[in-house]
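Heads up, upload_11.csv below (CSV, C-alpha atoms):
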```csv
chain,number,residue,atom,x,y,z
A,1318,MET,CA,-2.7,-8.9,-24.5
A,1319,VAL,CA,-2.3,-11.5,-21.7
A,1320,ASN,CA,-3.7,-9.0,-19.2
A,1321,SER,CA,-6.7,-8.3,-21.4
A,1322,LEU,CA,-7.4,-12.0,-21.8
A,1323,SER,CA,-7.1,-12.6,-18.1
A,1324,SER,CA,-9.5,-9.7,-17.4
A,1325,THR,CA,-12.0,-11.1,-19.9
A,1326,LEU,CA,-11.9,-14.6,-18.4
A,1327,LEU,CA,-12.2,-13.2,-14.9
A,1328,THR,CA,-15.2,-11.1,-15.8
A,1329,THR,CA,-16.8,-14.1,-17.6
A,1330,PHE,CA,-16.3,-16.2,-14.5
A,1331,LEU,CA,-17.8,-13.5,-12.3
A,1332,VAL,CA,-20.8,-12.7,-14.4
A,1333,LEU,CA,-21.8,-16.2,-14.8
A,1334,SER,CA,-21.1,-17.1,-11.2
A,1335,LEU,CA,-23.3,-14.2,-10.0
A,1336,PHE,CA,-26.0,-14.9,-12.5
A,1337,HIS,CA,-26.4,-18.6,-12.0
A,1338,LEU,CA,-26.5,-18.2,-8.2
A,1339,SER,CA,-30.1,-16.8,-8.3
A,1340,SER,CA,-30.2,-16.3,-4.5
A,1341,PHE,CA,-26.8,-14.7,-4.3
A,1342,ARG,CA,-28.1,-11.6,-2.5
A,1343,ASN,CA,-29.0,-13.7,0.6
A,1344,ASN,CA,-26.4,-16.4,0.3
A,1345,LEU,CA,-23.1,-14.5,-0.3
A,1346,ALA,CA,-20.5,-17.3,0.0
A,1347,ALA,CA,-17.3,-15.2,0.2
A,1348,LYS,CA,-16.1,-11.6,0.3
A,1349,HIS,CA,-12.7,-10.7,-1.0
A,1350,ILE,CA,-12.1,-6.9,-1.0
A,1351,HIS,CA,-8.4,-5.9,-0.6
A,1352,HIS,CA,-6.6,-2.6,-0.9
A,1353,SER,CA,-3.0,-1.8,-1.6
A,1354,TYR,CA,-1.4,0.6,0.9
A,1355,PRO,CA,-0.8,3.5,1.1
A,1356,SER,CA,-4.5,4.2,1.1
A,1357,ALA,CA,-4.1,7.0,-1.5
A,1358,ASN,CA,-3.9,4.3,-4.2
A,1359,LEU,CA,-7.3,2.9,-3.2
A,1360,HIS,CA,-7.2,-0.1,-5.5
A,1361,HIS,CA,-9.6,-3.0,-5.1
A,1362,HIS,CA,-10.7,-6.4,-6.4
A,1363,HIS,CA,-14.3,-7.4,-7.0
A,1364,HIS,CA,-16.2,-10.1,-5.2
A,1365,HIS,CA,-15.6,-13.6,-6.5
A,1366,ILE,CA,-18.3,-16.2,-5.8
A,1367,PRO,CA,-17.1,-19.7,-6.9
A,1368,THR,CA,-19.8,-21.8,-8.5
A,1369,PRO,CA,-20.0,-24.0,-11.6
A,1370,TYR,CA,-20.8,-22.1,-14.8
A,1371,LYS,CA,-20.9,-22.6,-18.5
A,1372,THR,CA,-19.9,-19.8,-20.9
A,1373,THR,CA,-22.7,-18.7,-23.2
A,1374,LYS,CA,-22.4,-17.1,-26.6
A,1375,ALA,CA,-25.7,-16.5,-28.4
A,1376,THR,CA,-25.8,-15.8,-32.1
A,1377,THR,CA,-29.4,-14.9,-32.7
A,1378,ASN,CA,-32.1,-12.7,-31.2
A,1379,GLU,CA,-35.0,-14.7,-32.8
A,1380,SER,CA,-37.8,-15.2,-30.3
A,1381,ASN,CA,-35.8,-13.6,-27.6
A,1382,PRO,CA,-37.2,-10.2,-26.6
A,1383,ARG,CA,-34.5,-9.8,-23.9
A,1384,LEU,CA,-31.7,-9.9,-26.5
A,1385,GLN,CA,-33.8,-7.6,-28.8
A,1386,GLN,CA,-34.0,-5.1,-26.0
A,1387,ALA,CA,-30.3,-5.4,-25.3
A,1388,TYR,CA,-29.6,-4.7,-29.0
A,1389,ILE,CA,-31.6,-1.5,-28.8
A,1390,ALA,CA,-29.8,-0.5,-25.6
A,1391,LEU,CA,-26.3,-1.2,-26.9
A,1392,GLN,CA,-26.8,0.5,-30.2
A,1393,ALA,CA,-28.2,3.6,-28.5
A,1394,TRP,CA,-25.1,3.5,-26.3
A,1395,LYS,CA,-22.8,3.2,-29.3
A,1396,ARG,CA,-24.4,6.3,-30.8
A,1397,VAL,CA,-23.4,8.5,-27.8
A,1398,ILE,CA,-19.8,7.1,-27.7
A,1399,PHE,CA,-17.7,9.7,-29.5
A,1400,TYR,CA,-14.2,8.4,-28.8
A,1401,ASP,CA,-13.1,4.8,-28.6
A,1402,PRO,CA,-9.3,4.7,-29.2
A,1403,ASN,CA,-9.0,1.0,-28.5
A,1404,ASN,CA,-11.9,0.0,-30.7
A,1405,PHE,CA,-13.8,-1.8,-27.9
A,1406,THR,CA,-17.1,-1.1,-29.6
A,1407,SER,CA,-16.0,-1.6,-33.2
A,1408,ASP,CA,-17.6,-5.0,-33.2
A,1409,TRP,CA,-20.9,-3.8,-31.8
A,1410,VAL,CA,-22.5,-4.5,-35.2
A,1411,GLY,CA,-25.5,-6.7,-35.9
A,1412,GLU,CA,-27.9,-8.3,-33.5
A,1413,SER,CA,-25.6,-10.9,-32.0
A,1414,VAL,CA,-25.1,-8.8,-28.9
A,1415,CYS,CA,-23.5,-11.7,-26.9
A,1416,ASN,CA,-20.5,-11.5,-29.3
A,1417,TYR,CA,-19.9,-7.9,-28.6
A,1418,THR,CA,-16.6,-7.0,-26.9
A,1419,GLY,CA,-17.3,-6.4,-23.2
A,1420,VAL,CA,-20.8,-7.9,-23.2
A,1421,PHE,CA,-21.4,-11.2,-21.3
A,1422,CYS,CA,-24.4,-13.4,-21.6
A,1423,SER,CA,-25.8,-16.2,-19.5
A,1424,ASN,CA,-29.0,-18.1,-18.9
A,1425,LEU,CA,-31.6,-16.1,-17.0
A,1426,PRO,CA,-31.9,-17.6,-13.4
A,1427,ASN,CA,-35.3,-19.0,-12.4
A,1428,ALA,CA,-36.7,-18.9,-15.9
A,1429,THR,CA,-39.3,-21.5,-16.8
A,1430,GLU,CA,-37.2,-22.4,-19.9
A,1431,PRO,CA,-33.6,-21.6,-20.9
A,1432,THR,CA,-33.4,-18.0,-21.8
A,1433,ILE,CA,-30.2,-16.2,-22.8
A,1434,THR,CA,-29.8,-12.6,-21.6
A,1435,VAL,CA,-27.1,-10.0,-21.2
A,1436,ALA,CA,-25.7,-10.5,-17.7
A,1437,GLY,CA,-22.7,-8.2,-17.6
A,1438,ILE,CA,-20.9,-5.3,-19.1
A,1439,ASP,CA,-17.2,-4.9,-18.6
A,1440,LEU,CA,-15.4,-1.9,-20.4
A,1441,ASN,CA,-12.8,-1.3,-17.7
A,1442,PHE,CA,-9.7,0.6,-18.9
A,1443,ALA,CA,-11.1,1.2,-22.4
A,1444,ASN,CA,-10.5,5.0,-22.3
A,1445,ILE,CA,-13.9,5.5,-24.0
A,1446,ALA,CA,-15.5,8.9,-24.0
A,1447,GLY,CA,-19.2,9.3,-24.2
A,1448,LEU,CA,-22.5,9.4,-22.3
A,1449,LEU,CA,-24.6,6.9,-20.4
A,1450,PRO,CA,-27.9,6.9,-22.3
A,1451,PRO,CA,-31.3,6.2,-20.7
A,1452,GLU,CA,-31.6,3.1,-22.9
A,1453,LEU,CA,-29.2,1.3,-20.5
A,1454,GLY,CA,-32.3,0.7,-18.4
A,1455,LEU,CA,-33.4,-1.9,-21.0
A,1456,LEU,CA,-30.6,-4.1,-19.9
A,1457,SER,CA,-32.7,-5.2,-16.9
A,1458,ASP,CA,-30.9,-8.5,-16.3
A,1459,LEU,CA,-27.5,-7.1,-15.7
A,1460,ALA,CA,-25.6,-8.5,-12.7
A,1461,LEU,CA,-22.6,-6.2,-13.0
A,1462,ILE,CA,-21.5,-3.0,-14.8
A,1463,HIS,CA,-17.7,-2.3,-14.8
A,1464,LEU,CA,-16.8,1.0,-16.5
A,1465,ASN,CA,-13.6,1.8,-14.5
A,1466,SER,CA,-11.1,4.2,-16.2
A,1467,ASN,CA,-13.0,5.7,-19.1
A,1468,ARG,CA,-14.1,9.2,-19.9
A,1469,PHE,CA,-17.9,8.8,-19.6
A,1470,CYS,CA,-19.4,12.2,-18.7
A,1471,GLY,CA,-22.8,13.7,-17.9
A,1472,LEU,CA,-25.4,12.2,-15.5
A,1473,VAL,CA,-26.1,8.7,-14.3
A,1474,PRO,CA,-29.5,7.8,-15.9
A,1475,GLN,CA,-32.4,7.3,-13.7
A,1476,THR,CA,-33.5,4.3,-15.8
A,1477,LEU,CA,-30.8,2.2,-14.1
A,1478,SER,CA,-33.6,1.7,-11.5
A,1479,ASN,CA,-34.8,-1.2,-13.8
A,1480,LEU,CA,-31.7,-3.2,-13.0
A,1481,SER,CA,-33.1,-5.3,-10.2
A,1482,LEU,CA,-30.4,-8.0,-10.4
A,1483,LEU,CA,-27.4,-5.6,-10.4
A,1484,PHE,CA,-24.9,-6.7,-7.9
A,1485,GLU,CA,-21.8,-4.6,-8.7
A,1486,LEU,CA,-21.7,-1.1,-10.1
A,1487,ASP,CA,-18.3,0.4,-10.8
A,1488,LEU,CA,-18.4,3.8,-12.4
A,1489,SER,CA,-15.0,4.9,-11.1
A,1490,ASN,CA,-12.4,7.0,-12.9
A,1491,ASN,CA,-14.8,8.8,-15.2
A,1492,ARG,CA,-16.1,12.4,-15.6
A,1493,LEU,CA,-19.7,11.9,-14.3
A,1494,VAL,CA,-21.3,14.9,-12.7
A,1495,GLY,CA,-24.3,16.0,-10.6
A,1496,PRO,CA,-25.5,15.2,-7.1
A,1497,PHE,CA,-25.1,11.8,-5.6
A,1498,PRO,CA,-26.9,9.4,-8.0
A,1499,THR,CA,-29.8,8.4,-5.8
A,1500,VAL,CA,-30.9,5.9,-8.5
A,1501,VAL,CA,-28.4,3.4,-6.9
A,1502,LEU,CA,-30.5,3.4,-3.7
A,1503,SER,CA,-33.4,1.8,-5.6
A,1504,LEU,CA,-31.3,-1.3,-6.7
A,1505,PRO,CA,-32.4,-4.2,-4.4
A,1506,SER,CA,-29.5,-6.5,-5.2
A,1507,LEU,CA,-26.6,-4.0,-5.2
A,1508,GLN,CA,-23.7,-4.9,-2.9
A,1509,TYR,CA,-20.7,-3.1,-4.4
A,1510,LEU,CA,-20.8,0.6,-5.2
A,1511,ASP,CA,-17.8,2.4,-6.7
A,1512,LEU,CA,-18.2,6.1,-7.6
A,1513,ARG,CA,-14.6,7.2,-6.9
A,1514,TYR,CA,-12.7,9.7,-9.1
A,1515,ASN,CA,-15.7,11.5,-10.7
A,1516,GLU,CA,-17.1,14.9,-10.3
A,1517,PHE,CA,-20.2,14.2,-8.1
A,1518,GLU,CA,-21.0,16.9,-5.6
A,1519,GLY,CA,-23.3,17.9,-2.8
A,1520,PRO,CA,-24.4,16.0,0.4
A,1521,LEU,CA,-24.6,12.3,0.8
A,1522,PRO,CA,-28.2,11.1,1.2
A,1523,PRO,CA,-28.8,9.5,4.7
A,1524,GLN,CA,-30.6,6.6,2.9
A,1525,LEU,CA,-27.2,5.5,1.6
A,1526,PHE,CA,-26.4,4.0,5.0
A,1527,SER,CA,-29.7,2.2,5.3
A,1528,LYS,CA,-28.8,0.0,2.3
A,1529,SER,CA,-27.1,-3.4,2.6
A,1530,PHE,CA,-24.1,-2.5,0.6
A,1531,ASP,CA,-20.9,-4.4,1.4
A,1532,ALA,CA,-18.5,-1.9,0.0
A,1533,ILE,CA,-18.8,1.9,-0.7
A,1534,PHE,CA,-16.1,3.8,-2.6
A,1535,LEU,CA,-16.8,7.6,-2.9
A,1536,ASN,CA,-13.3,9.0,-2.7
A,1537,ASN,CA,-12.1,11.8,-4.9
A,1538,ASN,CA,-15.3,13.6,-5.7
A,1539,GLY,CA,-16.7,16.9,-4.6
A,1540,PHE,CA,-19.1,15.7,-1.9
A,1541,SER,CA,-19.7,18.2,0.9
A,1542,SER,CA,-21.8,18.7,4.0
A,1543,SER,CA,-21.2,16.5,7.0
A,1544,ILE,CA,-21.2,12.7,7.0
A,1545,PRO,CA,-24.8,11.8,7.9
A,1546,LEU,CA,-25.4,10.9,11.5
A,1547,ASN,CA,-26.9,7.5,10.6
A,1548,LEU,CA,-23.5,6.3,9.3
A,1549,GLY,CA,-23.8,3.5,11.8
A,1550,LYS,CA,-26.8,1.9,10.0
A,1551,SER,CA,-24.5,0.7,7.3
A,1552,SER,CA,-23.5,-2.9,7.1
A,1553,ALA,CA,-20.4,-2.3,4.9
A,1554,THR,CA,-17.1,-3.9,5.4
A,1555,VAL,CA,-15.3,-1.2,3.5
A,1556,LEU,CA,-16.0,2.6,3.5
A,1557,VAL,CA,-13.7,4.8,1.5
A,1558,PHE,CA,-14.7,8.5,1.5
A,1559,ALA,CA,-11.2,10.2,1.0
A,1560,ASN,CA,-10.6,13.5,-0.7
A,1561,ASN,CA,-14.0,15.1,-0.4
A,1562,ASN,CA,-15.1,18.1,1.6
A,1563,PHE,CA,-17.5,16.8,4.2
A,1564,GLY,CA,-16.4,18.7,7.3
A,1565,GLY,CA,-18.0,18.3,10.7
A,1566,CYS,CA,-17.3,15.3,13.0
A,1567,LEU,CA,-17.1,11.6,12.6
A,1568,PRO,CA,-20.5,10.4,13.9
A,1569,PRO,CA,-20.4,8.4,17.2
A,1570,SER,CA,-22.9,6.0,15.6
A,1571,ILE,CA,-20.0,4.5,13.8
A,1572,SER,CA,-19.8,2.1,16.7
A,1573,ASN,CA,-22.8,0.3,15.2
A,1574,LEU,CA,-20.6,-0.9,12.4
A,1575,ALA,CA,-18.6,-3.1,14.8
A,1576,ASP,CA,-19.8,-6.4,13.4
A,1577,THR,CA,-18.8,-5.6,9.8
A,1578,LEU,CA,-16.4,-2.7,9.2
A,1579,GLU,CA,-12.8,-3.7,8.3
A,1580,GLU,CA,-11.5,-0.7,6.4
A,1581,LEU,CA,-12.3,3.0,7.0
A,1582,VAL,CA,-10.5,5.6,4.9
A,1583,LEU,CA,-11.3,9.3,5.5
A,1584,ILE,CA,-8.2,11.0,4.2
A,1585,ASN,CA,-8.5,14.7,3.5
A,1586,THR,CA,-12.3,15.0,4.2
A,1587,ASN,CA,-12.1,18.2,6.3
A,1588,LEU,CA,-13.1,16.3,9.5
A,1589,SER,CA,-12.8,18.3,12.7
A,1590,GLY,CA,-13.3,17.7,16.4
A,1591,CYS,CA,-12.1,14.7,18.4
A,1592,VAL,CA,-11.8,11.1,17.2
A,1593,PRO,CA,-14.8,9.6,19.0
A,1594,PRO,CA,-13.9,6.8,21.4
A,1595,GLU,CA,-16.6,4.7,19.7
A,1596,VAL,CA,-14.0,4.0,17.0
A,1597,GLY,CA,-12.5,1.5,19.5
A,1598,PHE,CA,-15.7,-0.6,19.2
A,1599,LEU,CA,-14.8,-1.5,15.6
A,1600,TYR,CA,-13.2,-4.8,16.6
A,1601,LYS,CA,-12.9,-6.1,13.0
A,1602,LEU,CA,-11.1,-3.0,11.8
A,1603,LYS,CA,-7.8,-3.6,9.9
A,1604,LEU,CA,-7.2,-0.2,8.2
A,1605,LEU,CA,-8.0,3.2,9.8
A,1606,ASP,CA,-6.8,6.3,7.9
A,1607,LEU,CA,-7.9,9.7,9.3
A,1608,SER,CA,-4.9,11.6,7.9
A,1609,SER,CA,-4.9,15.2,6.5
A,1610,ASN,CA,-7.9,16.5,8.4
A,1611,ARG,CA,-8.5,19.0,11.3
A,1612,LEU,CA,-8.9,16.5,14.1
A,1613,GLU,CA,-7.7,17.5,17.6
A,1614,GLY,CA,-7.4,16.1,21.1
A,1615,PRO,CA,-5.7,12.8,22.1
A,1616,ILE,CA,-5.8,9.4,20.6
A,1617,PRO,CA,-8.7,7.6,22.2
A,1618,TYR,CA,-7.3,4.8,24.4
A,1619,SER,CA,-10.1,2.6,23.1
A,1620,ILE,CA,-8.2,2.1,19.9
A,1621,ALA,CA,-5.9,-0.1,22.0
A,1622,GLY,CA,-8.7,-2.7,21.8
A,1623,LEU,CA,-8.5,-3.1,18.0
A,1624,ALA,CA,-6.6,-6.4,17.9
A,1625,HIS,CA,-6.9,-6.8,14.1
A,1626,LEU,CA,-5.7,-3.3,13.2
A,1627,GLU,CA,-2.8,-3.4,10.8
A,1628,GLN,CA,-2.6,0.2,9.4
A,1629,LEU,CA,-3.2,3.3,11.5
A,1630,ASN,CA,-2.6,6.8,10.0
A,1631,LEU,CA,-3.4,9.9,12.0
A,1632,ALA,CA,-0.8,12.2,10.2
A,1633,HIS,CA,-1.4,15.9,9.4
A,1634,ASN,CA,-4.0,16.8,12.0
A,1635,TYR,CA,-4.0,18.9,15.2
A,1636,MET,CA,-3.9,15.9,17.7
A,1637,SER,CA,-2.0,16.2,20.9
A,1638,GLY,CA,-1.3,14.5,24.2
A,1639,ASN,CA,0.4,11.1,24.6
A,1640,VAL,CA,0.8,8.3,22.1
A,1641,PRO,CA,-0.6,5.4,24.2
A,1642,GLU,CA,1.5,2.3,24.6
A,1643,GLY,CA,-1.7,0.2,24.3
A,1644,VAL,CA,-1.9,1.2,20.6
A,1645,CYS,CA,1.8,0.6,19.9
A,1646,ILE,CA,1.6,-3.0,21.2
A,1647,LEU,CA,-1.4,-4.0,19.1
A,1648,PRO,CA,-0.6,-7.6,17.9
A,1649,ASN,CA,-1.2,-7.1,14.2
A,1650,LEU,CA,0.1,-3.5,13.8
A,1651,VAL,CA,2.5,-3.1,10.9
A,1652,ASN,CA,2.3,0.7,10.1
A,1653,PHE,CA,1.6,3.5,12.5
A,1654,THR,CA,1.9,7.1,11.2
A,1655,TYR,CA,1.2,10.1,13.5
A,1656,SER,CA,3.6,12.7,12.0
A,1657,TYR,CA,2.6,16.4,11.7
A,1658,ASN,CA,0.6,16.6,14.9
A,1659,PHE,CA,1.3,18.0,18.4
A,1660,PHE,CA,1.9,14.9,20.5
A,1661,CYS,CA,4.2,15.6,23.4
A,1662,GLU,CA,5.1,12.1,24.7
A,1663,GLU,CA,5.4,8.5,23.4
A,1664,GLU,CA,4.6,5.9,26.1
A,1665,GLY,CA,6.8,2.8,26.5
A,1666,VAL,CA,7.5,0.9,23.4
A,1667,CYS,CA,6.1,3.7,21.3
A,1668,ARG,CA,9.5,5.4,21.6
A,1669,ASN,CA,11.1,2.5,19.6
A,1670,LEU,CA,8.5,0.9,17.3
A,1671,THR,CA,11.3,-0.4,15.1
A,1672,SER,CA,12.1,-3.0,17.8
A,1673,LYS,CA,8.6,-4.4,17.2
A,1674,GLY,CA,9.0,-4.4,13.4
A,1675,VAL,CA,6.4,-1.7,13.0
A,1676,VAL,CA,6.9,1.0,10.3
A,1677,PHE,CA,6.3,4.4,12.0
A,1678,ASP,CA,6.6,8.1,11.4
A,1679,ASP,CA,6.6,10.5,14.4
A,1680,ARG,CA,8.2,13.6,12.7
A,1681,ARG,CA,7.0,17.1,13.3
A,1682,ASN,CA,5.4,16.6,16.7
A,1683,CYS,CA,6.4,18.0,20.1
A,1684,LEU,CA,8.5,15.1,21.3
A,1685,PRO,CA,11.5,16.6,23.1
A,1686,GLU,CA,13.9,13.7,22.7
A,1687,LYS,CA,13.2,13.0,19.0
A,1688,PRO,CA,14.7,14.7,15.9
A,1689,LEU,CA,12.8,16.6,13.3
A,1690,GLN,CA,10.2,18.0,15.7
A,1691,ARG,CA,8.2,21.3,15.8
A,1692,THR,CA,9.7,24.3,17.5
A,1693,LYS,CA,8.9,25.3,21.0
A,1694,GLU,CA,7.0,28.3,19.7
A,1695,GLN,CA,4.8,26.0,17.7
A,1696,CYS,CA,4.2,23.5,20.4
A,1697,ASP,CA,3.6,25.7,23.5
A,1698,PRO,CA,0.1,27.1,22.5
A,1699,VAL,CA,-1.2,23.6,21.9
A,1700,VAL,CA,0.4,21.7,24.8
A,1701,GLU,CA,-0.6,24.4,27.3
A,1702,HIS,CA,-4.2,24.4,26.2
A,1703,PRO,CA,-5.3,20.7,25.9
A,1704,VAL,CA,-8.5,20.0,24.1
A,1705,ASP,CA,-11.4,18.8,26.3
A,1706,CYS,CA,-12.9,16.0,24.2
A,1707,TYR,CA,-15.2,14.9,26.9
A,1708,ASN,CA,-17.2,18.2,27.1
A,1709,HIS,CA,-16.5,19.3,23.5
A,1710,PRO,CA,-16.2,16.1,21.4
A,1711,CYS,CA,-17.1,18.0,18.2
A,1712,GLY,CA,-14.7,20.9,18.6
A,1713,GLY,CA,-12.6,21.6,21.7
A,1714,ALA,CA,-10.1,24.4,22.1
A,1715,PRO,CA,-9.9,26.7,19.0
A,1716,VAL,CA,-7.3,25.3,16.7
A,1717,ALA,CA,-6.7,28.8,15.3
A,1718,GLN,CA,-4.1,29.2,18.1
A,1719,ALA,CA,-2.0,26.6,16.5
A,1720,PRO,CA,-0.1,26.8,13.2
A,1721,PRO,CA,-1.8,24.7,10.5
A,1722,PRO,CA,-0.3,21.3,9.9
A,1723,THR,CA,2.3,21.5,7.2
A,1724,HIS,CA,2.7,18.9,4.5
A,1725,ALA,CA,6.3,19.8,3.8
```
Have the structure of the file written as structure tokens, please.
Amino acid sequence: MVNSLSSTLLTTFLVLSLFHLSSFRNNLAAKHIHHSYPSANLHHHHHHIPTPYKTTKATTNESNPRLQQAYIALQAWKRVIFYDPNNFTSDWVGESVCNYTGVFCSNLPNATEPTITVAGIDLNFANIAGLLPPELGLLSDLALIHLNSNRFCGLVPQTLSNLSLLFELDLSNNRLVGPFPTVVLSLPSLQYLDLRYNEFEGPLPPQLFSKSFDAIFLNNNGFSSSIPLNLGKSSATVLVFANNNFGGCLPPSISNLADTLEELVLINTNLSGCVPPEVGFLYKLKLLDLSSNRLEGPIPYSIAGLAHLEQLNLAHNYMSGNVPEGVCILPNLVNFTYSYNFFCEEEGVCRNLTSKGVVFDDRRNCLPEKPLQRTKEQCDPVVEHPVDCYNHPCGGAPVAQAPPPTHA
């Protein structure tokens, strides 16, 4: 009960803060996006923009067409909700929509006279099953939609294109299907996009990376095809694409994200080829997780320039060569995992990262003086045929010669 109350108060604060700051899209005061680690958990917090606010609860729709439209939309939504075990929508009765559970109202910004409207929907963790009806497009003043951890299914309605003030869209942990919902690309105020843990599939539209999104979470879907080459046009601070089937190589254009990107998570995305040295240009990067792919070749020495890097995970790939000391002595490094590869030497302090207080895992490599390594028969084909990443950055020596990385 305490957690539910805290969540409600937080959402109220966020909705009203966003909504009263009518120029928030151009004057974002603070960004607070954090993840727990290991990356597989991929939790997050939403943006908080501190600004004075006053809670609003309207009780009538008289002479207010915006609340009348909201009533139509929410009643249409209730009709396509077929399972609500926690009775979140049981009080969605009557025209006082601002009193509905999960519905937050505020004064419309820049209105010529005070006008109450629906500014936010928060049904996180409600375990509701149902559809997202096209009538949601009538809620044209929404600043945020939080539907995390429900069982909504079907397609994302195209009518969401009417939501010109929408700042945060969280549809994560549902059962939504279809291709990437391109309607989100038409939302001029959107900064935070979370589509993780659904059943979306197909390629990512290149236009996604031309938008001014601050955070993009796409992990645990069925997206395929390679990551678009214009990845570097993004201005995001956080990109989480884990557990999809993209394939191909990490585009070198990623270097263009140097001024913004802080977290890059590409676990189990079927990436191949070499890690491009351009990754070393991402000087703000704190978290880099490229584990469980088909990456090969050495660790680019340019990574030694990432002074803010805290977490580096390269495990379960086909990488080889030396583990460079420049990476091991990064000033903020706290966790370095490079197990289940084919590295043959650890330089300098890399041999004893415990002495630096760094948590590390170097198992199942080809390190002759370390325990729990691969056999000579496994190592020799890879060590004797080093990958030429300079001439073949997107696929060097055939990895078929080597046994696949084991997750045992």
### Message
Which residues are close to Pro1545 in chain A, i.e. within 12 Å by all atoms listed in the file, leaving aside same-chain residues fewer than 6 positions away? Reply as a VMD selection string.
### Response
chain A and resid 1520 to 1527 1551 1563 to 1571
#### Entry: A:Asn1708, A:Asn1658, A:Asn1561, A:Gln1508 ranked by distance to Cys1696 in chain A, top pick (using only C-alpha atoms)
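Result for the nearest residue to Cys1696 in chain A: A:Asn1658.
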#### Entry: Length of the CA of Leu1647 in chain A to CA of Thr1577 in chain A vector [Å]
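Going from CA of Leu1647 in chain A over to CA of Thr1577 in chain A covers 19.8 Å.
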Using 8 Å as the limit and counting only C-alpha atoms, can you tabulate each residue of range 1577-1602 of chain A that touches range 1625-1636 of chain A, with its shortest atom-to-atom distance in Å and the two atoms involved, as a Markdown table?
```
| residue | atom | partner | partner_atom | distance |
| --- | --- | --- | --- | --- |
| A:Tyr1600 | CA | A:His1625 | CA | 7.1 |
| A:Lys1601 | CA | A:His1625 | CA | 6.1 |
| A:Leu1602 | CA | A:Leu1626 | CA | 5.6 |
```
Can I get the residues of range 1659-1709 of chain A within 12 Å of range 1605-1618 of chain A, each with the closest pair of atoms and their distance in Å to one decimal, using all atoms listed in the file, sorted chain first then ascending number, as JSON lines?
```
{"residue": "A:Phe1659", "atom": "CA", "partner": "A:Glu1613", "partner_atom": "CA", "distance": 9.0}
{"residue": "A:Phe1660", "atom": "CA", "partner": "A:Pro1615", "partner_atom": "CA", "distance": 8.0}
{"residue": "A:Cys1661", "atom": "CA", "partner": "A:Pro1615", "partner_atom": "CA", "distance": 10.4}
{"residue": "A:Glu1662", "atom": "CA", "partner": "A:Pro1615", "partner_atom": "CA", "distance": 11.1}
{"residue": "A:Glu1663", "atom": "CA", "partner": "A:Ile1616", "partner_atom": "CA", "distance": 11.6}
{"residue": "A:Val1699", "atom": "CA", "partner": "A:Gly1614", "partner_atom": "CA", "distance": 9.8}
{"residue": "A:Val1700", "atom": "CA", "partner": "A:Gly1614", "partner_atom": "CA", "distance": 10.3}
{"residue": "A:His1702", "atom": "CA", "partner": "A:Gly1614", "partner_atom": "CA", "distance": 10.3}
{"residue": "A:Pro1703", "atom": "CA", "partner": "A:Gly1614", "partner_atom": "CA", "distance": 7.0}
{"residue": "A:Val1704", "atom": "CA", "partner": "A:Gly1614", "partner_atom": "CA", "distance": 5.0}
{"residue": "A:Asp1705", "atom": "CA", "partner": "A:Gly1614", "partner_atom": "CA", "distance": 7.1}
{"residue": "A:Cys1706", "atom": "CA", "partner": "A:Gly1614", "partner_atom": "CA", "distance": 6.3}
{"residue": "A:Tyr1707", "atom": "CA", "partner": "A:Gly1614", "partner_atom": "CA", "distance": 9.8}
{"residue": "A:Asn1708", "atom": "CA", "partner": "A:Gly1614", "partner_atom": "CA", "distance": 11.7}
{"residue": "A:His1709", "atom": "CA", "partner": "A:Gly1614", "partner_atom": "CA", "distance": 9.9}
```
### Query
What does the distance between CA of Val1435 in chain A and CA of Glu1516 in chain A come to in Å, to one decimal place?
29.0 Å
Can we get range 1434-1442 of chain A of that structure written down with N, CA and C atoms, as a PDB file, in the first residue's frame?
```pdb
ATOM      1  N   THR A1434      -7.457  19.524 -17.975  1.00  0.00           N
ATOM      2  CA  THR A1434      -7.394  18.470 -18.977  1.00  0.00           C
ATOM      3  C   THR A1434      -6.668  17.262 -18.402  1.00  0.00           C
ATOM      4  N   VAL A1435      -6.808  16.126 -19.057  1.00  0.00           N
ATOM      5  CA  VAL A1435      -6.104  14.910 -18.639  1.00  0.00           C
ATOM      6  C   VAL A1435      -4.670  14.991 -19.136  1.00  0.00           C
ATOM      7  N   ALA A1436      -3.720  14.978 -18.187  1.00  0.00           N
ATOM      8  CA  ALA A1436      -2.308  15.177 -18.523  1.00  0.00           C
ATOM      9  C   ALA A1436      -1.471  13.917 -18.427  1.00  0.00           C
ATOM     10  N   GLY A1437      -1.972  12.884 -17.732  1.00  0.00           N
ATOM     11  CA  GLY A1437      -1.163  11.676 -17.586  1.00  0.00           C
ATOM     12  C   GLY A1437      -2.001  10.450 -17.301  1.00  0.00           C
ATOM     13  N   ILE A1438      -1.502   9.301 -17.769  1.00  0.00           N
ATOM     14  CA  ILE A1438      -2.093   7.999 -17.465  1.00  0.00           C
ATOM     15  C   ILE A1438      -0.989   7.136 -16.879  1.00  0.00           C
ATOM     16  N   ASP A1439      -1.212   6.585 -15.680  1.00  0.00           N
ATOM     17  CA  ASP A1439      -0.235   5.693 -15.057  1.00  0.00           C
ATOM     18  C   ASP A1439      -0.945   4.443 -14.545  1.00  0.00           C
ATOM     19  N   LEU A1440      -0.790   3.350 -15.289  1.00  0.00           N
ATOM     20  CA  LEU A1440      -1.339   2.050 -14.900  1.00  0.00           C
ATOM     21  C   LEU A1440      -0.218   1.029 -14.736  1.00  0.00           C
ATOM     22  N   ASN A1441       0.961   1.497 -14.347  1.00  0.00           N
ATOM     23  CA  ASN A1441       2.086   0.582 -14.154  1.00  0.00           C
ATOM     24  C   ASN A1441       1.741  -0.530 -13.163  1.00  0.00           C
ATOM     25  N   PHE A1442       2.161  -1.745 -13.491  1.00  0.00           N
ATOM     26  CA  PHE A1442       2.056  -2.911 -12.602  1.00  0.00           C
ATOM     27  C   PHE A1442       0.610  -3.244 -12.230  1.00  0.00           C
TER      28      PHE A1442
END
```
